[in-house]
file model-v1.txt (compact mmCIF, C-alpha atoms)
# COMPACT_ATOMS: atom_id res chain seq x y z
CA MET A 1 14.44 2.70 -19.75
CA ILE A 2 15.78 5.94 -18.28
CA LEU A 3 13.40 5.63 -15.34
CA LYS A 4 14.73 2.15 -14.56
CA VAL A 5 18.33 3.36 -14.63
CA LEU A 6 17.51 6.31 -12.37
CA ALA A 7 15.70 3.99 -10.01
CA VAL A 8 18.74 1.75 -9.71
CA LEU A 9 20.97 4.80 -9.16
CA PHE A 10 18.82 5.74 -6.18
CA LEU A 11 18.32 2.22 -4.85
CA ILE A 12 21.91 0.99 -4.73
CA PRO A 13 23.49 3.73 -2.58
CA GLY A 14 20.41 3.92 -0.36
CA PHE A 15 20.33 0.22 0.41
CA VAL A 16 24.12 -0.02 0.73
CA SER A 17 24.16 2.75 3.31
CA ALA A 18 21.31 1.07 5.18
CA ILE A 19 22.97 -2.34 5.15
CA PHE A 20 26.46 -1.12 6.06
CA SER A 21 25.36 1.40 8.67
CA LYS A 22 27.56 -0.03 11.44
CA PRO A 23 30.85 0.32 9.50
CA ILE A 24 29.79 3.79 8.31
CA VAL A 25 29.16 4.90 11.91
CA LYS A 26 32.51 3.47 13.03
CA LYS A 27 34.51 4.96 10.14
CA PHE A 28 33.16 8.50 10.46
CA ASN A 29 32.79 8.47 14.28
CA LEU A 30 29.15 9.45 14.01
CA ASP A 31 28.42 8.08 17.47
CA GLU A 32 30.49 10.90 19.00
CA LYS A 33 28.29 13.52 17.32
CA VAL A 34 25.03 12.15 18.72
CA GLU A 35 23.51 14.16 21.55
CA CYS A 36 21.70 12.57 24.48
CA ASN A 37 19.36 14.60 26.68
CA PHE A 38 19.47 12.17 29.62
CA GLU A 39 23.18 11.34 29.91
CA ASN A 40 23.16 11.63 33.70
CA GLN A 41 20.63 8.79 34.01
CA MET A 42 22.77 6.21 32.20
CA SER A 43 26.03 4.46 32.91
CA ASP A 44 28.95 4.99 30.55
CA GLU A 45 28.40 1.61 28.90
CA GLU A 46 24.69 2.23 28.31
CA LEU A 47 25.41 5.72 27.01
CA LEU A 48 27.95 4.44 24.49
CA GLU A 49 25.56 1.72 23.29
CA TYR A 50 22.72 4.26 23.03
CA LYS A 51 24.82 6.66 20.96
CA ILE A 52 25.99 3.92 18.60
CA ASN A 53 22.44 2.62 18.12
CA LYS A 54 21.05 6.10 17.55
CA ALA A 55 23.76 6.91 14.99
CA GLU A 56 23.09 3.61 13.18
CA VAL A 57 19.36 4.29 13.05
CA ASN A 58 20.02 7.79 11.68
CA VAL A 59 22.25 6.35 8.91
CA LYS A 60 19.68 3.65 8.11
CA MET A 61 16.86 6.19 7.92
CA GLY A 62 18.92 8.41 5.64
CA GLY A 63 19.69 5.46 3.37
CA MET A 64 16.07 4.39 3.20
CA LEU A 65 14.95 7.95 2.51
CA PHE A 66 17.49 8.09 -0.31
CA ALA A 67 16.22 4.76 -1.69
CA LEU A 68 12.53 5.74 -1.47
CA PRO A 69 12.42 7.65 -4.79
CA GLY A 70 14.04 4.64 -6.45
CA ILE A 71 11.35 2.34 -5.06
CA ILE A 72 8.64 4.67 -6.35
CA MET A 73 10.33 4.81 -9.77
CA ILE A 74 10.48 1.00 -9.88
CA LEU A 75 6.76 0.82 -9.13
CA ILE A 76 6.04 3.31 -11.92
CA ALA A 77 8.44 1.72 -14.45
CA PHE A 78 7.16 -1.84 -14.02
CA LYS A 79 3.47 -0.92 -13.90

call {"tool": "encode", "arguments": {"input": "model-v1.txt", "output": "structure tokens"}}
result
Amino acid sequence: MILKVLAVLFLIPGFVSAIFSKPIVKKFNLDEKVECNFENQMSDEELLEYKINKAEVNVKMGGMLFALPGIIMILIAFK
């Protein structure tokens, strides 16, 4: 029972952060903190889109990494 509760505690915030990555990036201005090594090869519009997409992917990866232990616990609990 405890394993199931812990699994849910890992799954919910992980999946929520993965699903709502766009509002999270907008709220915390994470796109401004992203570095691009080839800024001079892109237009301003492309650069902005690249930074937003990269920040979203970083948030999604973080959320999925946070949810991964919960997925493993679910597999163990419902064996």

call {"tool": "closest_atom_pairs", "arguments": {"input": "model-v1.txt", "of": "region 20-45 of chain A", "to": "region 52-62 of chain A", "cutoff": "12 Å", "atoms": "only C-alpha atoms", "output": "JSON lines"}}
result
{"residue": "A:Phe20", "atom": "CA", "partner": "A:Lys60", "partner_atom": "CA", "distance": 8.5}
{"residue": "A:Ser21", "atom": "CA", "partner": "A:Glu56", "partner_atom": "CA", "distance": 5.5}
{"residue": "A:Lys22", "atom": "CA", "partner": "A:Glu56", "partner_atom": "CA", "distance": 6.0}
{"residue": "A:Pro23", "atom": "CA", "partner": "A:Glu56", "partner_atom": "CA", "distance": 9.2}
{"residue": "A:Ile24", "atom": "CA", "partner": "A:Val59", "partner_atom": "CA", "distance": 8.0}
{"residue": "A:Val25", "atom": "CA", "partner": "A:Glu56", "partner_atom": "CA", "distance": 6.3}
{"residue": "A:Lys26", "atom": "CA", "partner": "A:Ile52", "partner_atom": "CA", "distance": 8.6}
{"residue": "A:Lys27", "atom": "CA", "partner": "A:Glu56", "partner_atom": "CA", "distance": 11.9}
{"residue": "A:Phe28", "atom": "CA", "partner": "A:Ala55", "partner_atom": "CA", "distance": 10.6}
{"residue": "A:Asn29", "atom": "CA", "partner": "A:Ala55", "partner_atom": "CA", "distance": 9.2}
{"residue": "A:Leu30", "atom": "CA", "partner": "A:Ala55", "partner_atom": "CA", "distance": 6.0}
{"residue": "A:Asp31", "atom": "CA", "partner": "A:Ile52", "partner_atom": "CA", "distance": 4.9}
{"residue": "A:Glu32", "atom": "CA", "partner": "A:Ile52", "partner_atom": "CA", "distance": 8.3}
{"residue": "A:Lys33", "atom": "CA", "partner": "A:Ala55", "partner_atom": "CA", "distance": 8.3}
{"residue": "A:Val34", "atom": "CA", "partner": "A:Ala55", "partner_atom": "CA", "distance": 6.6}
{"residue": "A:Glu35", "atom": "CA", "partner": "A:Lys54", "partner_atom": "CA", "distance": 9.3}
{"residue": "A:Cys36", "atom": "CA", "partner": "A:Lys54", "partner_atom": "CA", "distance": 9.5}
{"residue": "A:Glu45", "atom": "CA", "partner": "A:Ile52", "partner_atom": "CA", "distance": 10.8}

call {"tool": "residues_around", "arguments": {"input": "model-v1.txt", "residues": "Leu75 (chain A)", "least_positions_apart": "6", "cutoff": "12 Å", "atoms": "all atoms listed in the file", "output": "list of chain:residue names"}}
result
A:Leu3, A:Lys4, A:Ala7, A:Leu68, A:Pro69

call {"tool": "closest_residue", "arguments": {"input": "model-v1.txt", "among": "A:Leu47, A:Met42, A:Met73, A:Ala67", "to": "Ile12 (chain A)", "atoms": "only C-alpha atoms"}}
result
A:Ala67

call {"tool": "atom_distance", "arguments": {"input": "model-v1.txt", "atom1": "CA of Ile76 (chain A)", "atom2": "CA of Met64 (chain A)"}}
result
18.2 Å

call {"tool": "closest_residue", "arguments": {"input": "model-v1.txt", "among": "A:Met1, A:Ile74, A:Lys79, A:Phe66", "to": "Val16 (chain A)", "atoms": "all atoms listed in the file"}}
result
A:Phe66

call {"tool": "atom_distance", "arguments": {"input": "model-v1.txt", "atom1": "CA of Gly70 (chain A)", "atom2": "CA of Ala18 (chain A)"}}
result
14.2 Å

call {"tool": "closest_residue", "arguments": {"input": "model-v1.txt", "among": "A:Phe10, A:Phe78, A:Tyr50, A:Phe15", "to": "Phe38 (chain A)", "atoms": "all atoms listed in the file"}}
result
A:Tyr50

call {"tool": "axis_aligned_box", "arguments": {"input": "model-v1.txt", "around": "region 12-23 of chain A", "padding_each_side": "5 Å", "output": "lines of an AutoDock Vina configuration file"}}
result
center_x = 25.6
center_y = 0.8
center_z = 3.4
size_x = 20.5
size_y = 16.3
size_z = 26.2

call {"tool": "atom_distance", "arguments": {"input": "model-v1.txt", "atom1": "CA of Val5 (chain A)", "atom2": "CA of Ile71 (chain A)"}}
result
11.9 Å

call {"tool": "closest_residue", "arguments": {"input": "model-v1.txt", "among": "A:Lys51, A:Ile72, A:Asn40, A:Leu65", "to": "Val8 (chain A)", "atoms": "all atoms listed in the file"}}
result
A:Ile72
